[in-house]
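Undergrad: Below you'll find the structure I mean.
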Amino acid sequence: MAIITDLMQTYDQADTNDYTIAEGIHMLSPTDTPLQLLLPKIQVGSVKAEWIEDELTGYKSNLASTLANTTSTQILINTGDGADKFPEDVDTYNVVIRIDQEYMLVTGKSGDDLTVTRGYGDTQKSTHASGSIVHIVSQMEVEGAEAKRSMARERTRPGNYVQTFSRTLEVSGVQEAVKKLGGITSEIDYQIMQVMRQLALELEKTIIMGVKAQAGNSSSFRTMSGLWSMIVTNRTVDSGSIDTEAIETDIKAIWDAGGVPRAIITSGSLAQDISNIYSDRIRTDVQTAIGGVNINSIVNPLGEGPIAIIPHRMVADNEYYMLDTARISLGYLRPFHMRELSSDGDADKRWIGGDYTVELMNEKAHAYRYGFDV
């Protein structure tokens with residue numbers, strides 16, 4: 001009987017049948033290689049995959065110190081935000097901001113120190129605590145004035161190495177000829193399936209825990225970054241038992257960065273704990289299925305839909321990855337394939353391998369949290 005998935009096609013293990021490995025690799029089970037099922041596959045064209053990212057100018061900052069009166073016309077915001085989020089010609093084209101319920105007009109800046117007109121638009125002047133959000137609303141237009149200065153962020157070019165995953169197998173003529181137990185009709189076919197399973201597991205673990213490095217020149221080996229090393233911004237060490245505060249913080253961080261939280265990849269024990277603490281918000285009317293297996297999902301207003309809780313055997317017991325899976329791709333230079341090697345005597349040799357990498361777009365739209373008690 002044929003077993004067909006969107007990643008591969010195999011047939012019963014018989015010595016008269018062939019194996020076809022498509023773009024991607026086969027499925028062991030949804031809890032063995034879920035990321036290879038979830039992530040879109042894309043073709044890359046080099047041993048180093050790169051992509052272009054751009055980021056719009058930010059639209060909020062925070063007060064770096066308390067505004068203790070209603071008369072001060074100087075406010076201090078987060079370090080670097082004066083240059084990054086306010087135009088150089090702010091003294092000509094003033095910027096409207098809002099702190100709590102008071103609007104202000106920014107009429108000048110010196111570094112991160114802004115000069116403001118208080119109570120703009122007849123709003124009530126008030127005091128404001130350090131850390132209050134400074135909402136950047138809009139920039140003024142001045143009729144007949146010269147054009148505004150341009151304001152844009154430089155594009156970045158992140159990248160990741162392509163890593164080769166391969167195995168070689170050899171089966172002697174005697175091994176192939178002798179009678180076999182357990183329904184195995186061909187030793188070479190059995191060994192091919194075993195190698196494919198091993199490569200699937202190795203790729204899956206590297207997607208999670210890989211680290212980007214290159215040894216020597218182009219003739220030496222390269223290893224690719226996985227989620228552990230690529231997620232930097234929303235990377236948090238935690239302690240104690242997992243709780244809703246940690247999860248909701250990461251959901252909001254992803255949403256604030258323009259992402260959509262879609263999946264929590266974690267160990268079996270933490271997946272159970274998350275399901276238990278969200279027992280009243282588990283979706284039962286909508287089934288999320290990975291490889292035909294139903295997955296629990298939680299509801300949050302910052303998600304486009306239910307957020308899947310996916311148990312993964314290769315994730316450590318004290319951590320989880322919260323991902324916007326629409327912004328992660330599994331790239332391949334050569335998909336997994338098989339070729340025969342020249343025989344040396346009475347043996348059948350095969351090489352199975354492929355070249356893969358991970359592309360993680362909008363790094364801020366993902367989170368990694370670790371250190372829970374288990």
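Simple scheme: letters A, B, ... for chains in structure tokens order, numbers from 1 for residues in each chain, numbers from 1 for ligands in the order shown.
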List as JSON lines every residue of region 311-361 of chain A that is in contact with region 247-265 of chain A, defined as an atom at most 7 Å from one of its atoms (using only C-alpha atoms), together with the nearest atom pair and the distance in Å rounded to one decimal, sorted by chain and then rising number.

TA:
{"residue": "A:Pro311", "atom": "CA", "partner": "A:Ile265", "partner_atom": "CA", "distance": 6.1}
{"residue": "A:His312", "atom": "CA", "partner": "A:Ile265", "partner_atom": "CA", "distance": 6.4}
{"residue": "A:Tyr320", "atom": "CA", "partner": "A:Ile265", "partner_atom": "CA", "distance": 5.6}
{"residue": "A:Tyr321", "atom": "CA", "partner": "A:Ile265", "partner_atom": "CA", "distance": 5.1}
{"residue": "A:Met322", "atom": "CA", "partner": "A:Ile264", "partner_atom": "CA", "distance": 4.5}
{"residue": "A:Leu323", "atom": "CA", "partner": "A:Ala263", "partner_atom": "CA", "distance": 5.4}
{"residue": "A:Asp324", "atom": "CA", "partner": "A:Pro261", "partner_atom": "CA", "distance": 4.9}
{"residue": "A:Thr325", "atom": "CA", "partner": "A:Arg262", "partner_atom": "CA", "distance": 6.3}

Undergrad: Please identify all polymer residues within 12 Å of Lys85 (chain A), counting only C-alpha atoms, omitting same-chain residues fewer than 4 positions from it, and present them as a PyMOL selection string.

TA: chain A and resi 55-62+77-81+90+95+97+109+111-112+114+134-139+151-153

Undergrad: Write a file of the selected residues as a tab-separated table (two decimals), in the first residue's frame, keeping C-alpha atoms.

TA:
chain	number	residue	atom	x	y	z
A	55	GLU	CA	11.76	48.10	9.05
A	56	LEU	CA	9.49	51.12	9.20
A	57	THR	CA	10.23	54.02	11.52
A	58	GLY	CA	8.94	53.33	15.01
A	59	TYR	CA	5.77	54.97	16.21
A	60	LYS	CA	6.29	54.97	19.97
A	61	SER	CA	8.97	55.41	22.63
A	62	ASN	CA	9.00	55.76	26.43
A	77	ILE	CA	12.90	59.59	25.83
A	78	ASN	CA	14.59	56.20	25.35
A	79	THR	CA	18.21	56.26	24.30
A	80	GLY	CA	18.57	56.46	20.53
A	81	ASP	CA	14.91	57.14	19.79
A	90	VAL	CA	11.31	68.58	13.59
A	95	VAL	CA	5.57	66.27	15.52
A	97	ILE	CA	2.88	63.11	20.43
A	109	LYS	CA	15.33	67.98	19.77
A	111	GLY	CA	19.73	63.85	21.03
A	112	ASP	CA	16.99	62.16	23.05
A	114	LEU	CA	12.78	66.79	23.13
A	134	VAL	CA	5.25	58.23	24.15
A	135	HIS	CA	2.93	57.76	21.17
A	136	ILE	CA	4.26	59.40	17.99
A	137	VAL	CA	1.07	60.48	16.22
A	138	SER	CA	1.91	62.53	13.13
A	139	GLN	CA	4.19	65.18	11.64
A	151	MET	CA	13.53	59.61	6.89
A	152	ALA	CA	14.11	55.90	6.37
A	153	ARG	CA	15.93	52.99	7.98

Undergrad: Could you name the residues that touch Arg350 (chain A) at 6 Å or less, counting only C-alpha atoms, but leaving out those on the same chain fewer than 3 positions away, as a PyMOL selection string?

TA: chain A and resi 168-169+339-341

Undergrad: Pull the strand (DSSP E or B) assignments for region 29-275 of chain A out of DSSP run on the backbone, and list those residues as a ChimeraX atom specification.

TA: /A:41-43,48-50,53,60-63,67,74-77,95-99,102-110,113-117,128,133-139,156,159-161,163-172,213-214,222-223,235-237,263-266

Undergrad: For Gly268 (chain A), list every protein, DNA or RNA residue within 9 Å, evaluated using only C-alpha atoms, and leave out those in the same chain fewer than 5 positions away; present the list as JSON, numbers by chain.

TA: {"A": [273, 310, 311, 312, 313, 315, 317]}

Undergrad: For Lys125 (chain A), please output as a PyMOL selection string all residues within 6 Å (counting only C-alpha atoms; exclusion window: fewer than 5 positions along the same chain).

TA: chain A and resi 70+102+119

Undergrad: Limited to N, CA and C atoms, could you put the picked residues into a file as a short mmCIF file (atom, residue, chain, number, x, y, z; two decimals), in the first residue's frame?

TA:
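The file below, part-v2.cif, is the result:
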data_model
loop_
_atom_site.label_atom_id
_atom_site.label_comp_id
_atom_site.auth_asym_id
_atom_site.auth_seq_id
_atom_site.Cartn_x
_atom_site.Cartn_y
_atom_site.Cartn_z
N THR A 70 3.63 70.22 35.32
CA THR A 70 2.86 70.50 34.11
C THR A 70 3.42 71.68 33.33
N GLU A 102 -2.40 63.40 27.70
CA GLU A 102 -1.96 64.73 27.28
C GLU A 102 -1.25 64.66 25.93
N GLY A 119 0.15 70.43 26.54
CA GLY A 119 -1.30 70.59 26.42
C GLY A 119 -1.76 70.92 25.02
#

Undergrad: Kindly give the distance, in Å, that separates CA of Gly354 (chain A) and CA of His337 (chain A), rounded to a single decimal.

TA: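 It comes out at 6.4 Å.
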
Undergrad: Find the residue from A:Trp51, A:Tyr278, A:Tyr332, A:Tyr103 that sits nearest to Asn362 (chain A); use only C-alpha atoms when measuring.

TA: A:Trp51

Undergrad: Mind the document's chain letters and residue numbers, and return as a list of chain:residue names the residues of region 158-216 of chain A that DSSP labels helix (DSSP H, G or I).

TA: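 Taking region 158-216 of chain A and keeping helix (DSSP H, G or I) only, one gets A:Gly173, A:Val174, A:Gln175, A:Glu176, A:Ala177, A:Glu187, A:Ile188, A:Asp189, A:Tyr190, A:Gln191, A:Ile192, A:Met193, A:Gln194, A:Val195, A:Met196, A:Arg197, A:Gln198, A:Leu199, A:Ala200, A:Leu201, A:Glu202, A:Leu203, A:Glu204, A:Lys205, A:Thr206, A:Ile207, A:Ile208, A:Met209.
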
Undergrad: When you look at region 42-50 of chain A with a cut-off of 12 Å (counting only C-alpha atoms), what residues show up, excluding the ones that are within fewer than 4 positions of it in the same chain? I need them as a PyMOL selection string.

TA: chain A and resi 23-24+156-164+212-214+218-225+328-335+355-361

Undergrad: Calculated over only C-alpha atoms, which of the candidates A:Gly371, A:Ala64, A:Ala326, A:Val195 has the smallest distance to Thr236 (chain A)?

TA: A:Gly371

Undergrad: Between CA of Leu302 (chain A) and CA of Arg281 (chain A), what is the distance, to one decimal in Å?

TA: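 That distance, rounded to one decimal, is 13.9 Å.
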
Undergrad: If I take CA of Leu105 (chain A) and CA of Arg118 (chain A), how far is one from the other in Å, to one decimal?

TA: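 Here the two named atoms are 6.9 Å from each other.
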
Undergrad: Which of these residues is nearest to Val174 (chain A), using only C-alpha atoms: A:Asp89, A:Ile188, A:Met193, A:Val237?

TA: A:Ile188
